[in-house]
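Colleague: Quick one: the structure is below, and I'll ask about it shortly.
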Amino acid sequence: MKQYRGLPASGGTALAAAVVARMAQGGPHPETLEEAAEQCRAQVRALHDKALAEVGAESAEIFSAYEALLSDPYLLEPIRELHGQGVPLSQAVEQSLEQQAAVFLRAKSPYLRERAEDLRSIKQMLLRRLGGSALELTMPRGDGPVIVAAESLSPADTMALDKKRLAGFVTRTGGTTSHVVILAKNLGIPAVTGLAELEEIPDGAPLLLDGDTGLVTVEPDETVLAWAEERRREQEAFEAALRELPPEETLTRDGRRVHVSVNVGGAQDLEGLELAALDGVGLYRTEFLFVERARAPGVREQEEEYAKVFDALEGKELVVRTLDIGGDKEVPYLALPKEDNPFLGCRGIRLCLRREELMREQFEALMRASRGRDFSVMFPMVNTVKEFLHARCVWEEIRDGLSAQGISVSGNIKLGVMVETPAAMICADALAGHVDFASIGTNDLTQYILAADRGNPDTGVEQSVYAPAVVRAVCHIIRTFAAGGVKVSVCGEAGSDPRFLPLMLGMGLRHVSVSRSMVDRVRYATAHTNCAEAERLLERVLGMEDEADIRRALGADGREG
């Protein structure tokens, strides 16, 4: 038995045969860059459709971005120029895309660094096509689960694997916030990255993977197998408990009602979802309709897509987030100016107020799609009361115009804001005097509170909601809006953290919206929380000055038990 430790990337444990990925050479290959690019575009279109069907819109968006890059003349033209100068085509691809990736890697913005990851994935795809090579896996007979061990895996590699057999993966390279890790989380499988001793894993060897601690055990002995079996039984018991959750409203152990909703990117994310125990959709990300295309959708097309969500919910709550473009979401047809740090640039409500025609068309489409039904609308990245009032004024103008045309629009539509910047947090009391509701976007809020780019190892700052400043910020927001009689929810990843959620319930949180895969876990964690105990724990935590102390207090430090 040998044990190694990498970086925990996606939680859970898996025990299965190791399958070591290797490159196979010598297959058919295209002769030109154009042929290779077109073959890659066909590949990512197929992977997009597979991801959309198996994982959801958020993961499928990765492959839409790849297709856009493979169609971008600014990406391909430097390769053509080098090749025209006599550089062999494969070498031109390597040299050009690696140079472009290196520029992005030096950027401060996480958005730009993620583009480096995308460029290297595109480079890998093109080089494989041109060289006639492919990732080769020697799968064991039967249909048993496997853990893939590879130097690296791209999202394309991961999505191409057989979902039914993939129990987990371990890689030498790749960050814990990379696209392939996001895919692993959405697939619900454990993953470990940064394993330096990858070559020590023999093909076919029994492998125990712990995605919570980063521990990888090759040929585990009886003691470790017994531990793994215990963990497996615990996981199975937990999964069984999730299946046995009653299809009714969610209550804490001491009888407090908590409203649980789901985050979606479109009607397809609601297919097959049991809505009986849910309040509805707490975050409808409308930007997916805008980013997977060559031009902006018109009012009629938007109306048709929005209506599908209204119809699927059958009267359940719907909270729509208006267009949130910018930051890590680029839309080429808008021809937005390049920014040194898009996360601090023109995004969310700032963009919509500058490109008001986008906002007006979306407002009209939503009202038409509602057909008189109630729903809620929230504006992203709001900093000031003035921004909210401006958006509300436009909303009311569109509403009155449609009503004058005899189009039915409910008089009970709620307007709210996303609270995800320090400005909105500090001015929560002022916003509470104007909005109908608020929703905390903990992902961006954490980044802005800590003034550190997500995923940048050079900052020395972990992007953690457990940081004392973030804990206090979230508590301030929840308590301030609650004191103003304004409904407040959480729709970021913190809402699905079973250790952190009880703390927020102690703060007074009563509305949470999470990804589809986390709904039952959130309901389970809520049902096992005593709010009175959580309130007492909160007062202790608010006095703590170190993140490690907070993690220990919440049982989130990775220790067993």
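By order of appearance in the structure tokens: chains A, B, ..., then residues from 1 within every chain, and ligands from 1 in the order shown.
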Can you check which parts of range 13-57 of chain A lie within 12 Å of range 229-253 of chain A? Per residue, the shortest pair of atoms and distance in Å to one decimal, counting only C-alpha atoms, sorted by chain and number, as CSV.
Modeller:
```
residue,atom,partner,partner_atom,distance
A:Thr13,CA,A:Arg232,CA,7.8
A:Ala14,CA,A:Arg232,CA,8.4
A:Leu15,CA,A:Arg232,CA,9.1
```
Colleague: Determine which residues of range 181-284 of chain A receive a DSSP assignment of alpha helix (DSSP H), computed from the backbone, and state them as a VMD selection string.
Modeller: chain A and resid 181 to 187 222 to 243
Colleague: List the spatial neighbours of Ser496 in chain A as an MDAnalysis selection string - criterion: any atom at most 7 Å away, only C-alpha atoms, same-chain residues fewer than 2 positions off excluded.
Modeller: chainID A and resid 493:494 498 501 514 518 522
Colleague: Can I get the selected residues back with C-alpha atoms, as a short mmCIF file (atom, residue, chain, number, x, y, z; two decimals), in the first residue's frame?
Modeller:
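Output file out-v9.cif follows:
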```cif
data_model
loop_
_atom_site.label_atom_id
_atom_site.label_comp_id
_atom_site.auth_asym_id
_atom_site.auth_seq_id
_atom_site.Cartn_x
_atom_site.Cartn_y
_atom_site.Cartn_z
CA GLU A 493 -22.30 28.25 -3.23
CA ALA A 494 -22.28 28.98 0.51
CA PRO A 498 -23.66 21.80 4.94
CA LEU A 501 -25.59 26.81 6.04
CA VAL A 514 -28.91 26.06 -4.71
CA MET A 518 -27.53 19.99 -3.86
CA VAL A 522 -29.56 21.34 1.79
#
```
Colleague: Of the candidates A:Asp311, A:Glu545, A:Glu420, A:Glu34, which one gets nearest to Leu445 in chain A if we count only C-alpha atoms?
Modeller: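 Looking at the shortest contact to Leu445 in chain A, the residue is A:Glu420.
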Colleague: Counting only C-alpha atoms, what is within 10 Å of Arg256 in chain A, bar same-chain residues fewer than 2 positions away, as a list in words?
Modeller: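 Once the adjacent positions are removed, what remains is Thr250, Leu251, Thr252, Arg253, Asp254, Val258, His259, Leu505, Arg510, Thr526, Ala527, Thr529, Asn530, Cys531 and Ala532 of chain A.
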Colleague: Interatomic distance between CA of Met367 in chain A and CA of Ile413 in chain A?
Modeller: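 Separation of CA of Met367 in chain A and CA of Ile413 in chain A: 9.5 Å.
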Colleague: Please identify all polymer residues within 9 Å of range 53-70 of chain A, counting only C-alpha atoms, omitting same-chain residues fewer than 5 positions from it, and present them as a PyMOL selection string.
Modeller: chain A and resi 37-38+40-42+44-48+75-76+118-119+121-122+155-156+163+179+182-183+186-187+264-266+268-269+288+291-294+330+332
Colleague: If you keep C-alpha atoms, can you produce a file of those selected residues as a tab-separated table (two decimals), in the first residue's frame?
Modeller:
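Final output, result.tsv:
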```tsv
chain	number	residue	atom	x	y	z
A	37	ALA	CA	-10.46	23.57	-36.49
A	38	GLU	CA	-13.69	22.41	-38.12
A	40	CYS	CA	-12.68	20.36	-33.27
A	41	ARG	CA	-15.76	22.57	-33.62
A	42	ALA	CA	-17.86	19.52	-34.51
A	44	VAL	CA	-17.23	20.52	-29.01
A	45	ARG	CA	-20.73	20.94	-30.43
A	46	ALA	CA	-21.39	17.27	-29.72
A	47	LEU	CA	-19.89	17.60	-26.24
A	48	HIS	CA	-22.02	20.68	-25.60
A	75	LEU	CA	-6.97	33.17	-32.47
A	76	LEU	CA	-6.25	31.35	-35.72
A	118	ASP	CA	-9.27	27.52	-22.41
A	119	LEU	CA	-6.51	28.35	-24.91
A	121	SER	CA	-7.38	23.09	-24.05
A	122	ILE	CA	-7.95	24.35	-27.60
A	155	PRO	CA	-13.20	19.36	-20.11
A	156	ALA	CA	-13.44	17.68	-23.54
A	163	LYS	CA	-20.40	8.81	-17.22
A	179	HIS	CA	-13.32	23.86	-15.69
A	182	ILE	CA	-16.38	22.18	-12.11
A	183	LEU	CA	-17.47	19.33	-14.38
A	186	ASN	CA	-21.56	18.75	-11.50
A	187	LEU	CA	-21.14	15.06	-12.29
A	264	VAL	CA	-31.37	27.09	-13.16
A	265	GLY	CA	-30.06	28.29	-16.49
A	266	GLY	CA	-33.19	27.39	-18.45
A	268	GLN	CA	-34.08	22.11	-19.39
A	269	ASP	CA	-32.65	22.27	-15.85
A	288	PHE	CA	-27.14	31.58	-20.87
A	291	VAL	CA	-23.88	33.74	-24.57
A	292	GLU	CA	-24.48	30.65	-26.72
A	293	ARG	CA	-25.12	32.46	-29.99
A	294	ALA	CA	-23.75	34.79	-32.66
A	330	GLU	CA	-17.93	37.38	-22.56
A	332	PRO	CA	-18.43	38.71	-28.64
```
Colleague: Between A:Leu366, A:Val519, A:Ile426, A:Leu415, which is the closest to Thr384 in chain A once you count only C-alpha atoms?
Modeller: A:Ile426
Colleague: Pick out the closest residue to Leu153 in chain A from this set: A:Gly433, A:Gly188, A:Gly86, A:Gly194. Count only C-alpha atoms.
Modeller: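 Between A:Gly433, A:Gly188, A:Gly86, A:Gly194, the residue approaching Leu153 in chain A most closely is A:Gly194.
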Colleague: Report, in Å with one decimal, the straight-line distance from CA of Ile79 in chain A to CA of Glu136 in chain A.
Modeller: 27.4 Å
Colleague: Nearest residue to Thr213 in chain A out of A:Gly6, A:Pro140, A:Gly132, A:Gly348, using only C-alpha atoms?
Modeller: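 Of all the options, A:Gly6 lies closest to Thr213 in chain A.
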Colleague: Between CA of Ala205 in chain A and CA of Ala21 in chain A, what is the distance in Å, rounded to a tenth?
Modeller: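 If I compute the distance from CA of Ala205 in chain A to CA of Ala21 in chain A, I get 13.4 Å.
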Colleague: Using backbone DSSP assignments, extract all strand (DSSP E or B) residues from range 30-236 of chain A; output them as number ranges by chain.
Modeller: A: 134-136, 146-150, 166-171, 191-193, 206-210, 215-218
Colleague: Next, dump the selected residues to file, keeping only N, CA and C atoms, as a compact mmCIF listing (two decimals), in the first residue's frame.
Modeller:
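Done, and the output landed in result.txt:
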```txt
# COMPACT_ATOMS: atom_id res chain seq x y z
N ALA A 134 -4.91 10.51 -29.81
CA ALA A 134 -6.11 10.55 -28.97
C ALA A 134 -5.78 10.01 -27.60
N LEU A 135 -6.54 10.43 -26.61
CA LEU A 135 -6.38 9.91 -25.26
C LEU A 135 -6.85 8.46 -25.23
N GLU A 136 -5.99 7.57 -24.76
CA GLU A 136 -6.30 6.14 -24.78
C GLU A 136 -6.45 5.62 -23.36
N VAL A 146 -14.44 2.96 -12.66
CA VAL A 146 -13.00 3.18 -12.78
C VAL A 146 -12.66 4.58 -12.31
N ILE A 147 -11.41 4.75 -11.89
CA ILE A 147 -10.87 6.07 -11.56
C ILE A 147 -9.79 6.37 -12.60
N VAL A 148 -9.95 7.45 -13.31
CA VAL A 148 -9.01 7.81 -14.37
C VAL A 148 -7.85 8.59 -13.76
N ALA A 149 -6.63 8.17 -14.07
CA ALA A 149 -5.41 8.86 -13.65
C ALA A 149 -4.74 9.40 -14.90
N ALA A 150 -4.50 10.72 -14.93
CA ALA A 150 -3.95 11.34 -16.13
C ALA A 150 -3.06 12.51 -15.76
N LEU A 166 -17.38 6.28 -14.81
CA LEU A 166 -16.40 7.19 -14.22
C LEU A 166 -16.73 7.43 -12.75
N ALA A 167 -15.88 6.89 -11.86
CA ALA A 167 -16.10 7.04 -10.42
C ALA A 167 -15.32 8.20 -9.84
N GLY A 168 -14.30 8.69 -10.58
CA GLY A 168 -13.49 9.80 -10.10
C GLY A 168 -12.28 9.96 -10.99
N PHE A 169 -11.48 10.99 -10.72
CA PHE A 169 -10.24 11.14 -11.46
C PHE A 169 -9.19 11.83 -10.60
N VAL A 170 -7.92 11.58 -10.98
CA VAL A 170 -6.79 12.20 -10.30
C VAL A 170 -5.81 12.65 -11.37
N THR A 171 -5.30 13.88 -11.24
CA THR A 171 -4.38 14.43 -12.24
C THR A 171 -3.16 15.04 -11.55
N ALA A 191 -12.63 14.18 -7.07
CA ALA A 191 -11.48 14.49 -7.91
C ALA A 191 -10.35 15.02 -7.04
N VAL A 192 -9.13 14.66 -7.40
CA VAL A 192 -7.92 15.16 -6.75
C VAL A 192 -6.98 15.65 -7.84
N THR A 193 -6.43 16.84 -7.67
CA THR A 193 -5.47 17.37 -8.63
C THR A 193 -4.12 17.59 -7.94
N PRO A 206 -6.08 -1.35 -7.62
CA PRO A 206 -7.16 -0.79 -6.81
C PRO A 206 -6.75 0.59 -6.28
N LEU A 207 -7.65 1.53 -6.37
CA LEU A 207 -7.32 2.91 -5.99
C LEU A 207 -8.44 3.47 -5.13
N LEU A 208 -8.04 4.06 -4.01
CA LEU A 208 -9.01 4.71 -3.13
C LEU A 208 -8.78 6.22 -3.23
N LEU A 209 -9.80 6.92 -3.60
CA LEU A 209 -9.71 8.36 -3.84
C LEU A 209 -10.59 9.09 -2.84
N ASP A 210 -10.00 10.04 -2.12
CA ASP A 210 -10.75 10.86 -1.16
C ASP A 210 -10.68 12.31 -1.63
N LEU A 215 -6.38 12.71 -0.38
CA LEU A 215 -5.60 11.49 -0.14
C LEU A 215 -5.89 10.45 -1.22
N VAL A 216 -4.81 9.91 -1.81
CA VAL A 216 -4.92 8.87 -2.84
C VAL A 216 -4.17 7.64 -2.33
N THR A 217 -4.85 6.52 -2.23
CA THR A 217 -4.24 5.29 -1.71
C THR A 217 -4.20 4.24 -2.81
N VAL A 218 -2.99 3.79 -3.12
CA VAL A 218 -2.80 2.75 -4.13
C VAL A 218 -2.73 1.40 -3.43
```
Colleague: I need the residue nearest Leu353 in chain A from this list: A:Val320, A:Met1, A:Val382, A:Ala391. Use only C-alpha atoms for the distance.
Modeller: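 Using only C-alpha atoms, Leu353 in chain A sits closest to A:Ala391.
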Colleague: Of the candidates A:Leu195, A:Leu554, A:Ala17, A:Met507, which shows the shortest atom-to-atom distance to Glu539 in chain A, using only C-alpha atoms?
Modeller: A:Met507
Colleague: Could you name the residues that touch Tyr466 in chain A at 8 Å or less, counting only C-alpha atoms, but leaving out those on the same chain fewer than 4 positions away, as a list in words?
Modeller: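 Near neighbours after the sequence-gap exclusion: Val470, Val471, Phe500, Glu547, Ile550 and Arg551 of chain A.
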Colleague: Contacts of Asp203 in chain A at 8 Å or less, counting only C-alpha atoms, minus same-chain residues fewer than 5 places along, as an MDAnalysis selection string?
Modeller: chainID A and resid 17:20
